[in-house]
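Enquirer: So here's start.txt (compact mmCIF, C-alpha atoms and all ligand atoms).
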# COMPACT_ATOMS: atom_id res chain seq x y z
CA MET A 1 -123.76 20.24 67.43
CA ASN A 2 -124.35 22.53 64.43
CA GLY A 3 -122.86 20.24 61.81
CA LEU A 4 -119.43 21.85 61.99
CA PRO A 5 -116.38 20.99 64.11
CA MET A 6 -115.01 23.48 66.63
CA THR A 7 -112.20 25.45 65.00
CA VAL A 8 -108.83 24.96 66.68
CA PRO A 9 -105.88 25.86 64.45
CA ALA A 10 -102.57 24.02 64.64
CA PRO A 11 -99.10 25.28 63.73
CA GLY A 12 -97.25 24.56 60.51
CA LEU A 13 -100.28 24.34 58.24
CA PRO A 14 -101.36 26.41 55.22
CA ALA A 15 -104.05 29.09 55.59
CA ARG A 16 -105.94 27.91 52.52
CA VAL A 17 -106.30 24.66 50.57
CA ARG A 18 -107.64 24.22 47.03
CA VAL A 19 -109.82 21.15 46.86
CA HIS A 20 -109.60 19.48 43.44
CA GLU A 21 -112.95 17.67 43.30
CA VAL A 22 -112.80 14.38 41.35
CA GLY A 23 -116.14 12.71 42.19
CA ALA A 24 -117.74 13.25 38.79
CA ARG A 25 -114.75 11.67 37.04
CA ASP A 26 -112.79 9.35 39.37
CA GLY A 27 -116.00 8.50 41.22
CA LEU A 28 -118.41 7.93 38.38
CA GLN A 29 -115.89 6.16 36.10
CA ASN A 30 -116.10 3.26 38.51
CA GLU A 31 -119.87 2.86 38.78
CA GLN A 32 -121.32 -0.43 37.53
CA SER A 33 -124.09 1.32 35.66
CA ALA A 34 -123.79 4.51 33.68
CA VAL A 35 -125.26 7.51 35.47
CA PRO A 36 -127.63 9.49 33.19
CA THR A 37 -125.99 12.56 31.69
CA PRO A 38 -128.48 15.08 33.24
CA VAL A 39 -127.77 13.58 36.69
CA LYS A 40 -124.03 14.10 36.15
CA ALA A 41 -124.69 17.69 35.07
CA GLU A 42 -126.81 18.36 38.14
CA PHE A 43 -124.13 16.78 40.36
CA ILE A 44 -121.47 19.14 38.97
CA HIS A 45 -123.75 22.19 39.27
CA ARG A 46 -124.47 21.29 42.89
CA LEU A 47 -120.77 20.78 43.65
CA ALA A 48 -120.02 24.26 42.28
CA ALA A 49 -122.91 25.75 44.28
CA ALA A 50 -121.38 24.13 47.40
CA GLY A 51 -118.24 26.21 46.80
CA LEU A 52 -115.91 23.82 44.96
CA THR A 53 -113.80 25.81 42.50
CA THR A 54 -112.09 22.97 40.60
CA ILE A 55 -114.36 20.13 39.51
CA GLU A 56 -112.96 17.42 37.26
CA ALA A 57 -115.87 16.89 34.89
CA THR A 58 -115.21 13.83 32.72
CA SER A 59 -112.64 12.03 30.53
CA PHE A 60 -112.07 12.08 26.80
CA VAL A 61 -110.72 8.54 26.76
CA HIS A 62 -111.70 5.64 24.53
CA PRO A 63 -115.41 5.03 25.20
CA LYS A 64 -114.87 1.25 25.20
CA TRP A 65 -112.21 1.58 27.93
CA VAL A 66 -114.43 3.67 30.22
CA PRO A 67 -118.04 3.38 29.04
CA GLN A 68 -119.27 5.20 32.16
CA LEU A 69 -117.83 8.45 30.75
CA ALA A 70 -118.68 7.83 27.09
CA ASP A 71 -121.15 10.74 27.23
CA ALA A 72 -118.40 13.39 27.55
CA GLU A 73 -119.59 15.16 24.35
CA GLU A 74 -123.16 15.35 25.68
CA LEU A 75 -122.16 16.33 29.22
CA PHE A 76 -119.58 19.05 28.67
CA PRO A 77 -121.89 21.55 26.88
CA LEU A 78 -124.38 21.22 29.77
CA LEU A 79 -121.72 22.71 32.06
CA ALA A 80 -121.24 26.01 30.20
CA ASP A 81 -122.74 28.03 33.07
CA VAL A 82 -120.85 26.26 35.90
CA ASP A 83 -118.84 28.78 37.90
CA ALA A 84 -115.76 26.59 38.45
CA ALA A 85 -112.71 25.34 36.58
CA LEU A 86 -113.63 22.08 34.83
CA PRO A 87 -110.57 19.97 34.02
CA VAL A 88 -111.00 16.86 31.88
CA LEU A 89 -108.80 13.78 31.44
CA VAL A 90 -107.13 13.41 28.06
CA PRO A 91 -104.78 10.49 27.27
CA ASN A 92 -103.79 11.26 23.69
CA GLU A 93 -104.20 13.65 20.77
CA ARG A 94 -107.56 12.15 19.83
CA GLY A 95 -108.79 12.96 23.34
CA LEU A 96 -107.30 16.44 23.16
CA ASP A 97 -109.05 17.15 19.85
CA ARG A 98 -112.36 16.11 21.41
CA ALA A 99 -111.77 18.27 24.50
CA LEU A 100 -110.59 21.37 22.61
CA ALA A 101 -113.52 21.11 20.18
CA LEU A 102 -115.81 21.63 23.17
CA GLY A 103 -113.82 24.53 24.57
CA ALA A 104 -112.05 22.77 27.48
CA THR A 105 -109.38 25.00 29.02
CA ARG A 106 -107.93 22.62 31.59
CA ILE A 107 -106.80 19.13 30.79
CA ALA A 108 -105.03 16.33 32.65
CA VAL A 109 -102.79 13.63 31.24
CA PHE A 110 -102.33 10.56 33.40
CA GLY A 111 -99.12 8.60 33.60
CA SER A 112 -98.03 5.68 35.72
CA ALA A 113 -94.97 5.11 37.88
CA THR A 114 -95.15 1.38 37.09
CA GLU A 115 -95.03 -0.58 33.85
CA THR A 116 -97.88 -2.94 34.72
CA PHE A 117 -100.39 -0.16 35.34
CA ALA A 118 -99.21 1.77 32.25
CA ALA A 119 -99.92 -1.34 30.19
CA ARG A 120 -103.31 -1.99 31.78
CA ASN A 121 -104.53 1.60 31.86
CA LEU A 122 -103.02 3.03 28.68
CA ASN A 123 -101.97 0.00 26.62
CA ARG A 124 -98.46 1.47 26.56
CA THR A 125 -95.10 1.20 28.34
CA VAL A 126 -94.21 4.10 30.64
CA ALA A 127 -91.89 5.51 27.97
CA GLU A 128 -94.52 5.06 25.23
CA SER A 129 -97.15 6.80 27.36
CA LEU A 130 -94.83 9.77 27.96
CA ALA A 131 -94.25 9.92 24.19
CA MET A 132 -98.03 9.83 23.71
CA PHE A 133 -98.46 12.77 26.14
CA GLU A 134 -95.73 14.92 24.60
CA PRO A 135 -97.74 16.36 21.69
CA VAL A 136 -100.84 16.52 23.92
CA VAL A 137 -99.14 18.79 26.43
CA ALA A 138 -97.41 20.85 23.73
CA ARG A 139 -100.63 21.45 21.80
CA ALA A 140 -102.61 22.11 24.99
CA LYS A 141 -100.06 24.79 25.96
CA GLU A 142 -100.36 26.34 22.48
CA HIS A 143 -104.06 26.70 23.27
CA ARG A 144 -103.13 28.24 26.65
CA ALA A 145 -104.79 25.36 28.47
CA HIS A 146 -103.75 24.48 32.01
CA VAL A 147 -102.23 21.00 32.14
CA ARG A 148 -102.21 18.69 35.15
CA GLY A 149 -100.03 15.60 35.11
CA TYR A 150 -101.35 12.72 37.18
CA LEU A 151 -98.91 10.07 38.29
CA SER A 152 -100.51 6.81 39.44
CA MET A 153 -99.10 4.05 41.68
CA CYS A 154 -96.76 6.43 43.52
CA PHE A 155 -96.91 4.45 46.76
CA GLY A 156 -97.49 0.86 45.69
CA ASP A 157 -98.83 -1.21 42.83
CA PRO A 158 -101.17 -4.22 43.12
CA TRP A 159 -99.11 -6.27 40.66
CA GLU A 160 -95.57 -5.01 41.31
CA GLY A 161 -95.77 -4.36 45.07
CA ALA A 162 -93.51 -1.65 46.49
CA VAL A 163 -92.57 1.12 44.08
CA PRO A 164 -89.08 2.57 44.71
CA LEU A 165 -89.00 6.34 45.31
CA PRO A 166 -86.41 7.05 42.56
CA GLN A 167 -88.69 5.37 40.02
CA VAL A 168 -91.58 7.63 41.07
CA VAL A 169 -89.42 10.75 41.07
CA ARG A 170 -88.03 9.95 37.60
CA THR A 171 -91.48 9.65 36.03
CA ALA A 172 -92.80 12.66 37.93
CA LYS A 173 -89.96 14.78 36.59
CA ALA A 174 -90.53 13.46 33.08
CA LEU A 175 -94.18 14.58 33.28
CA LEU A 176 -93.18 18.05 34.48
CA ASP A 177 -90.47 18.26 31.81
CA LEU A 178 -93.18 17.76 29.17
CA GLY A 179 -94.62 21.09 30.38
CA CYS A 180 -97.29 20.07 32.90
CA ASP A 181 -98.19 22.97 35.16
CA GLU A 182 -99.07 20.78 38.11
CA LEU A 183 -98.35 17.26 39.29
CA SER A 184 -100.84 15.10 41.21
CA LEU A 185 -99.34 12.21 43.16
CA GLY A 186 -101.77 9.31 42.98
CA ASP A 187 -102.03 6.67 45.67
CA THR A 188 -104.22 4.71 43.30
CA ILE A 189 -104.80 1.73 45.63
CA GLY A 190 -104.64 3.62 48.92
CA VAL A 191 -101.58 1.93 50.47
CA ALA A 192 -99.62 5.05 51.45
CA THR A 193 -98.84 5.96 55.05
CA PRO A 194 -97.75 9.41 56.30
CA GLY A 195 -93.99 8.79 56.52
CA HIS A 196 -94.03 7.51 52.95
CA VAL A 197 -95.86 10.64 51.81
CA ARG A 198 -93.29 12.87 53.45
CA ALA A 199 -90.40 10.83 52.03
CA LEU A 200 -91.74 11.15 48.47
CA LEU A 201 -92.32 14.90 48.84
CA CYS A 202 -88.77 15.34 50.19
CA ALA A 203 -87.36 13.22 47.35
CA LEU A 204 -89.18 15.37 44.78
CA ASN A 205 -87.97 18.59 46.44
CA ASP A 206 -84.40 17.21 46.42
CA GLU A 207 -84.71 16.83 42.65
CA GLY A 208 -85.87 20.43 42.24
CA VAL A 209 -89.66 19.94 42.16
CA ALA A 210 -91.23 22.77 44.18
CA THR A 211 -93.97 21.80 46.63
CA ASP A 212 -96.35 24.44 45.19
CA ARG A 213 -96.55 22.43 41.93
CA ILE A 214 -97.62 19.27 43.75
CA GLY A 215 -101.11 18.04 44.59
CA VAL A 216 -101.97 14.83 46.42
CA HIS A 217 -104.54 12.25 45.37
CA PHE A 218 -105.30 9.68 48.04
CA HIS A 219 -107.64 6.73 47.97
CA ASP A 220 -108.95 5.59 51.34
CA THR A 221 -108.63 1.79 51.08
CA TYR A 222 -106.87 1.41 54.44
CA GLY A 223 -108.38 4.47 56.12
CA GLN A 224 -105.13 6.42 55.75
CA ALA A 225 -106.20 9.13 53.31
CA LEU A 226 -106.72 11.87 55.92
CA SER A 227 -103.51 11.07 57.83
CA ASN A 228 -101.64 11.15 54.55
CA THR A 229 -103.28 14.47 53.68
CA LEU A 230 -102.23 15.97 57.00
CA ALA A 231 -98.64 14.82 56.36
CA ALA A 232 -98.75 16.52 52.95
CA LEU A 233 -100.21 19.74 54.41
CA LEU A 234 -97.49 19.84 57.05
CA HIS A 235 -95.00 19.62 54.18
CA GLY A 236 -96.61 22.66 52.53
CA VAL A 237 -98.90 21.05 49.94
CA THR A 238 -102.03 23.16 49.32
CA THR A 239 -103.80 21.21 46.53
CA VAL A 240 -105.74 18.18 47.69
CA ASP A 241 -107.83 15.89 45.47
CA ALA A 242 -111.01 14.50 46.96
CA SER A 243 -114.27 12.96 45.84
CA ALA A 244 -117.68 14.04 47.07
CA GLY A 245 -119.20 11.31 49.21
CA GLY A 246 -116.04 9.18 48.80
CA LEU A 247 -117.14 7.91 45.39
CA GLY A 248 -114.47 6.27 43.34
CA GLY A 249 -111.86 3.76 42.40
CA CYS A 250 -110.19 2.92 39.15
CA PRO A 251 -111.54 0.38 36.67
CA TYR A 252 -108.01 -0.69 35.72
CA ALA A 253 -106.54 -1.09 39.22
CA LYS A 254 -107.76 -4.02 41.26
CA SER A 255 -108.18 -3.09 44.94
CA ALA A 256 -108.65 0.63 44.27
CA THR A 257 -111.54 1.82 46.44
CA GLY A 258 -113.05 5.23 46.89
CA ASN A 259 -111.07 8.44 47.04
CA LEU A 260 -110.67 10.51 50.16
CA ALA A 261 -114.20 11.85 50.71
CA THR A 262 -114.42 15.62 50.22
CA GLU A 263 -116.67 15.90 53.29
CA ASP A 264 -114.12 14.09 55.50
CA LEU A 265 -111.42 16.43 54.18
CA VAL A 266 -113.49 19.59 54.68
CA TRP A 267 -114.46 18.51 58.21
CA MET A 268 -110.77 18.29 59.13
CA LEU A 269 -109.82 21.53 57.33
CA ASP A 270 -112.75 23.41 58.91
CA GLY A 271 -111.64 22.16 62.32
CA LEU A 272 -108.12 23.40 61.66
CA GLY A 273 -109.42 26.78 60.47
CA ILE A 274 -108.00 26.20 56.97
CA GLU A 275 -110.06 28.00 54.32
CA THR A 276 -111.53 26.00 51.43
CA GLY A 277 -114.60 28.03 50.47
CA VAL A 278 -116.68 24.85 50.67
CA ASP A 279 -120.05 24.82 52.43
CA LEU A 280 -120.04 21.45 54.24
CA ALA A 281 -123.82 21.28 54.66
CA ALA A 282 -124.49 21.95 50.96
CA LEU A 283 -121.81 19.45 49.95
CA THR A 284 -123.20 16.76 52.25
CA ALA A 285 -126.71 17.32 50.89
CA THR A 286 -125.27 16.86 47.38
CA SER A 287 -123.61 13.57 48.30
CA VAL A 288 -126.77 12.30 50.00
CA TRP A 289 -128.70 13.17 46.82
CA MET A 290 -126.06 11.44 44.65
CA ALA A 291 -126.15 8.35 46.87
CA GLU A 292 -129.92 8.20 46.28
CA GLN A 293 -129.32 8.35 42.52
CA LEU A 294 -126.80 5.49 42.80
CA GLY A 295 -129.04 3.49 45.13
CA ARG A 296 -126.55 2.98 47.96
CA PRO A 297 -125.29 5.02 50.90
CA SER A 298 -122.16 7.14 50.77
CA PRO A 299 -119.10 5.48 52.38
CA SER A 300 -118.01 8.85 53.84
CA ARG A 301 -118.07 8.87 57.65
CA THR A 302 -118.80 12.60 57.64
CA VAL A 303 -121.70 12.28 55.22
CA ARG A 304 -123.16 9.49 57.36
CA ALA A 305 -122.70 11.42 60.61
CA LEU A 306 -124.13 14.68 59.26
CA SER A 307 -127.10 13.05 57.52
CA HIS A 308 -127.98 10.71 60.39
CA LYS A 309 -131.56 11.26 61.53
CA GLU A 310 -132.73 10.15 64.99
P1 LIG B 1 -105.50 1.87 22.43
O1 LIG B 1 -106.43 0.74 22.24
O2 LIG B 1 -104.04 1.59 22.48
O3 LIG B 1 -105.83 3.02 21.37
O4 LIG B 1 -105.93 2.59 23.78
P2 LIG B 1 -105.15 3.34 19.97
O5 LIG B 1 -104.31 4.54 20.12
O6 LIG B 1 -104.50 2.08 19.41
O7 LIG B 1 -106.44 3.67 19.06
C1 LIG B 1 -107.38 2.66 18.78
C2 LIG B 1 -108.70 3.29 18.32
O8 LIG B 1 -109.26 4.02 19.42
C3 LIG B 1 -108.56 4.28 17.19
O9 LIG B 1 -109.75 4.17 16.40
C4 LIG B 1 -108.57 5.61 17.88
O10 LIG B 1 -109.05 6.69 17.07
C5 LIG B 1 -109.52 5.36 19.03
P3 LIG B 1 -109.69 3.45 14.99
O11 LIG B 1 -108.70 4.25 14.18
O12 LIG B 1 -109.20 2.04 15.26
O13 LIG B 1 -111.12 3.56 14.56
N1 LIG B 1 -109.18 6.26 20.14
C6 LIG B 1 -110.03 7.08 20.75
N2 LIG B 1 -111.35 7.34 20.58
C7 LIG B 1 -111.90 8.29 21.37
N3 LIG B 1 -111.21 8.99 22.28
C8 LIG B 1 -109.90 8.76 22.50
C9 LIG B 1 -109.28 7.76 21.71
N4 LIG B 1 -108.02 7.31 21.68
C10 LIG B 1 -107.97 6.39 20.71
N5 LIG B 1 -109.23 9.46 23.42
C11 LIG B 1 -106.06 4.59 25.14
C12 LIG B 1 -105.17 3.69 24.28
C13 LIG B 1 -105.17 5.56 25.86
C14 LIG B 1 -107.00 5.33 24.20
C15 LIG B 1 -106.87 3.72 26.12
O14 LIG B 1 -105.97 2.91 26.84
C16 LIG B 1 -107.70 4.52 27.09
O15 LIG B 1 -108.66 5.18 26.71
N6 LIG B 1 -107.37 4.46 28.42
C17 LIG B 1 -108.05 5.22 29.44
C18 LIG B 1 -108.12 4.48 30.75
C19 LIG B 1 -108.74 5.34 31.81
O16 LIG B 1 -109.44 6.30 31.55
N7 LIG B 1 -108.48 4.99 33.11
C20 LIG B 1 -109.00 5.71 34.23
C21 LIG B 1 -108.35 7.06 34.45
S1 LIG B 1 -106.78 6.97 35.28
C22 LIG B 1 -107.18 6.99 36.97
O17 LIG B 1 -108.30 6.84 37.34
C23 LIG B 1 -106.07 7.25 37.97
C24 LIG B 1 -106.16 8.67 38.61
O18 LIG B 1 -107.41 8.84 39.28
C25 LIG B 1 -105.01 8.89 39.60
C26 LIG B 1 -104.84 7.74 40.60
O19 LIG B 1 -105.76 7.44 41.40
O20 LIG B 1 -103.75 7.13 40.55
C27 LIG B 1 -106.06 9.75 37.52
MG MG B 2 -107.81 8.14 41.36
Before we go any further, please render this structure as structure tokens.
Expert:
Amino acid sequence: MNGLPMTVPAPGLPARVRVHEVGARDGLQNEQSAVPTPVKAEFIHRLAAAGLTTIEATSFVHPKWVPQLADAEELFPLLADVDAALPVLVPNERGLDRALALGATRIAVFGSATETFAARNLNRTVAESLAMFEPVVARAKEHRAHVRGYLSMCFGDPWEGAVPLPQVVRTAKALLDLGCDELSLGDTIGVATPGHVRALLCALNDEGVATDRIGVHFHDTYGQALSNTLAALLHGVTTVDASAGGLGGCPYAKSATGNLATEDLVWMLDGLGIETGVDLAALTATSVWMAEQLGRPSPSRTVRALSHKE
């Protein structure tokens, strides 16, 4: 065993996938203790050196809401030499001002398909949050920034239960109508299963949303994140969010656990012969190092298997 799976391609899959790495944001926003800023900067440098080309760096949200990322102003300038796109989360104009002042060129707004999560995460109704994003997206586009629109609770909500597909599609379209370049479908609490993924993608296509504007963002609560990813790839999706070492969760969604681990994703994609540009050994070493910083082992099966010493 050389630390890589045997490559055996399968039909109906894309030749290349862009991994949208979220560990430094979705992962670290959920840590009990704040990670020192230089450690975050080293993490992001190491992720870029491992071949990740899109690395979500931090959030310009209210520091009281997410204290773990309150050092965004200190962190972002330390990333000036990182050879990767560095999107940042921005909920409102105040966040956009902070991000633009530091030279951010890719931002992400984050909406919710459900009212309860919109209230808990943004202190707004769904309609009020879309109204809050409107000037953010417009001004970001004036600055030629790339804008991602996240949509949370696409497959289920811990307070509201099942989320009807038309409700998800309506909010997704509203985000795209604001001018978002890309949409990321969030399974915030990890309850999706592959048929559900396919059904939502078909429903979006039926309403005119092209698959090439859609990314998928799975959390691995029930161990379904990779199966759901494969369903999305078979549908033609080529942007997949993942978190190094499987770090993650969401501070405002009970039962949200870690994201799909980037190593687990890359193991599968390497095996299928799908190009990502990611060096699995370098990435695993990064997650082992990060786990040491956090004082507990990575939950990723692939990290554990590849770092296991006899
Ligand atoms: P609010 O309390 O309604 O804020 O929070 P406000 O608009 O009433 O403003 C109150 C004060 O906060 C004002 O100051 C503002 O200037 C200040 P004052 O005038 O009273 O002195 N303020 C800010 N300060 C710094 N930066 C800002 C900012 N905004 C306002 N950006 C707000 C509304 C949206 C700000 C708040 O709810 C918030 O920050 N929420 C963020 C929650 C969050 O980050 N959640 C995690 C990310 S989402 C996620 O993880 C899901 C995802 O991974 C996909 C998935 O898995 O589903 C993306
Ligand atoms: Mg998430």
Enquirer: Report as a list in words all protein, DNA and RNA residues lying within 12 Å of Asp81 of chain A, evaluated on all atoms listed in the file, omitting residues in the same chain fewer than 5 positions from it.
Expert: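 Here the answer would be Ala41, Glu42, Ile44, His45, Ala48, Ala49, Phe76 and Leu86 of chain A.
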Enquirer: Do you know which residues are at most 7 Å from Thr284 of chain A counting all atoms listed in the file, after dropping those on the same chain fewer than 4 positions away, and could you put them as a PyMOL selection string?
Expert: chain A and resi 263+280+288+303
Enquirer: Can you pull out every residue with an atom within 6 Å of ligand LIG 1 (chain B)? Use all atoms listed in the file and format it as a ChimeraX atom specification.
Expert: /A:26,60-62,65-66,91-92,94-95,110,121-123,150,152-153,186-188,250
Enquirer: Could you give me, as a ChimeraX atom specification, the residues within 8 Å of Thr221 of chain A, counting only C-alpha atoms and dropping anything in the same chain fewer than 2 positions from it?
Expert: /A:189-191,219,223-224,255-258
Enquirer: For ligand MG 2 (chain B), which residue out of A:Pro194, A:Gly246, A:Pro77, A:Gly161 is the nearest one, using only C-alpha atoms and all ligand atoms?
Expert: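 Comparing A:Pro194, A:Gly246, A:Pro77, A:Gly161 against ligand MG 2 (chain B), the winner is A:Gly246.
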Enquirer: If you count only C-alpha atoms, which residues fall within 9 Å of His146 of chain A, apart from same-chain ones fewer than 2 positions away, as a PyMOL selection string?
Expert: chain A and resi 87+105-108+140-141+144+148+180-182
Enquirer: Would you mind exporting C-alpha atoms of the selected residues as an mmCIF file, in the coordinates of the input?
Expert:
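For reference, out-v9.cif as written:
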data_model
loop_
_atom_site.group_PDB
_atom_site.id
_atom_site.type_symbol
_atom_site.label_atom_id
_atom_site.label_comp_id
_atom_site.auth_asym_id
_atom_site.auth_seq_id
_atom_site.Cartn_x
_atom_site.Cartn_y
_atom_site.Cartn_z
ATOM 1 C CA PRO A 87 -110.570 19.970 34.020
ATOM 2 C CA THR A 105 -109.380 25.000 29.020
ATOM 3 C CA ARG A 106 -107.930 22.620 31.590
ATOM 4 C CA ILE A 107 -106.800 19.130 30.790
ATOM 5 C CA ALA A 108 -105.030 16.330 32.650
ATOM 6 C CA ALA A 140 -102.610 22.110 24.990
ATOM 7 C CA LYS A 141 -100.060 24.790 25.960
ATOM 8 C CA ARG A 144 -103.130 28.240 26.650
ATOM 9 C CA ARG A 148 -102.210 18.690 35.150
ATOM 10 C CA CYS A 180 -97.290 20.070 32.900
ATOM 11 C CA ASP A 181 -98.190 22.970 35.160
ATOM 12 C CA GLU A 182 -99.070 20.780 38.110
#
Enquirer: Looking at A:Asn30, A:Thr53, A:Ser227, A:Ser307, which one is nearest to ligand MG 2 (chain B), with distances taken over all atoms listed in the file?
Expert: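 Checking each candidate against ligand MG 2 (chain B), we get A:Asn30 as the closest.
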Enquirer: One decimal, Å: what's the distance from atom CA of Leu204 of chain A over to atom CA of Ala225 of chain A, could you say?
Expert: 20.0 Å
Enquirer: Mind giving me the straight-line distance from atom CA of Thr238 of chain A to atom CA of Arg304 of chain A in Å, one decimal?
Expert: 26.4 Å
Enquirer: Which distance in Å separates atom CA of Leu78 of chain A and atom CA of Ala104 of chain A, to one decimal?
Expert: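 So the answer is 12.6 Å.
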Enquirer: Please provide as an MDAnalysis selection string all residues within 9 Å of Glu134 of chain A, with the sequence filter that same-chain residues fewer than 3 positions apart are discarded (counting all atoms listed in the file).
Expert: chainID A and resid 92 129:131 137:139 175 178:179
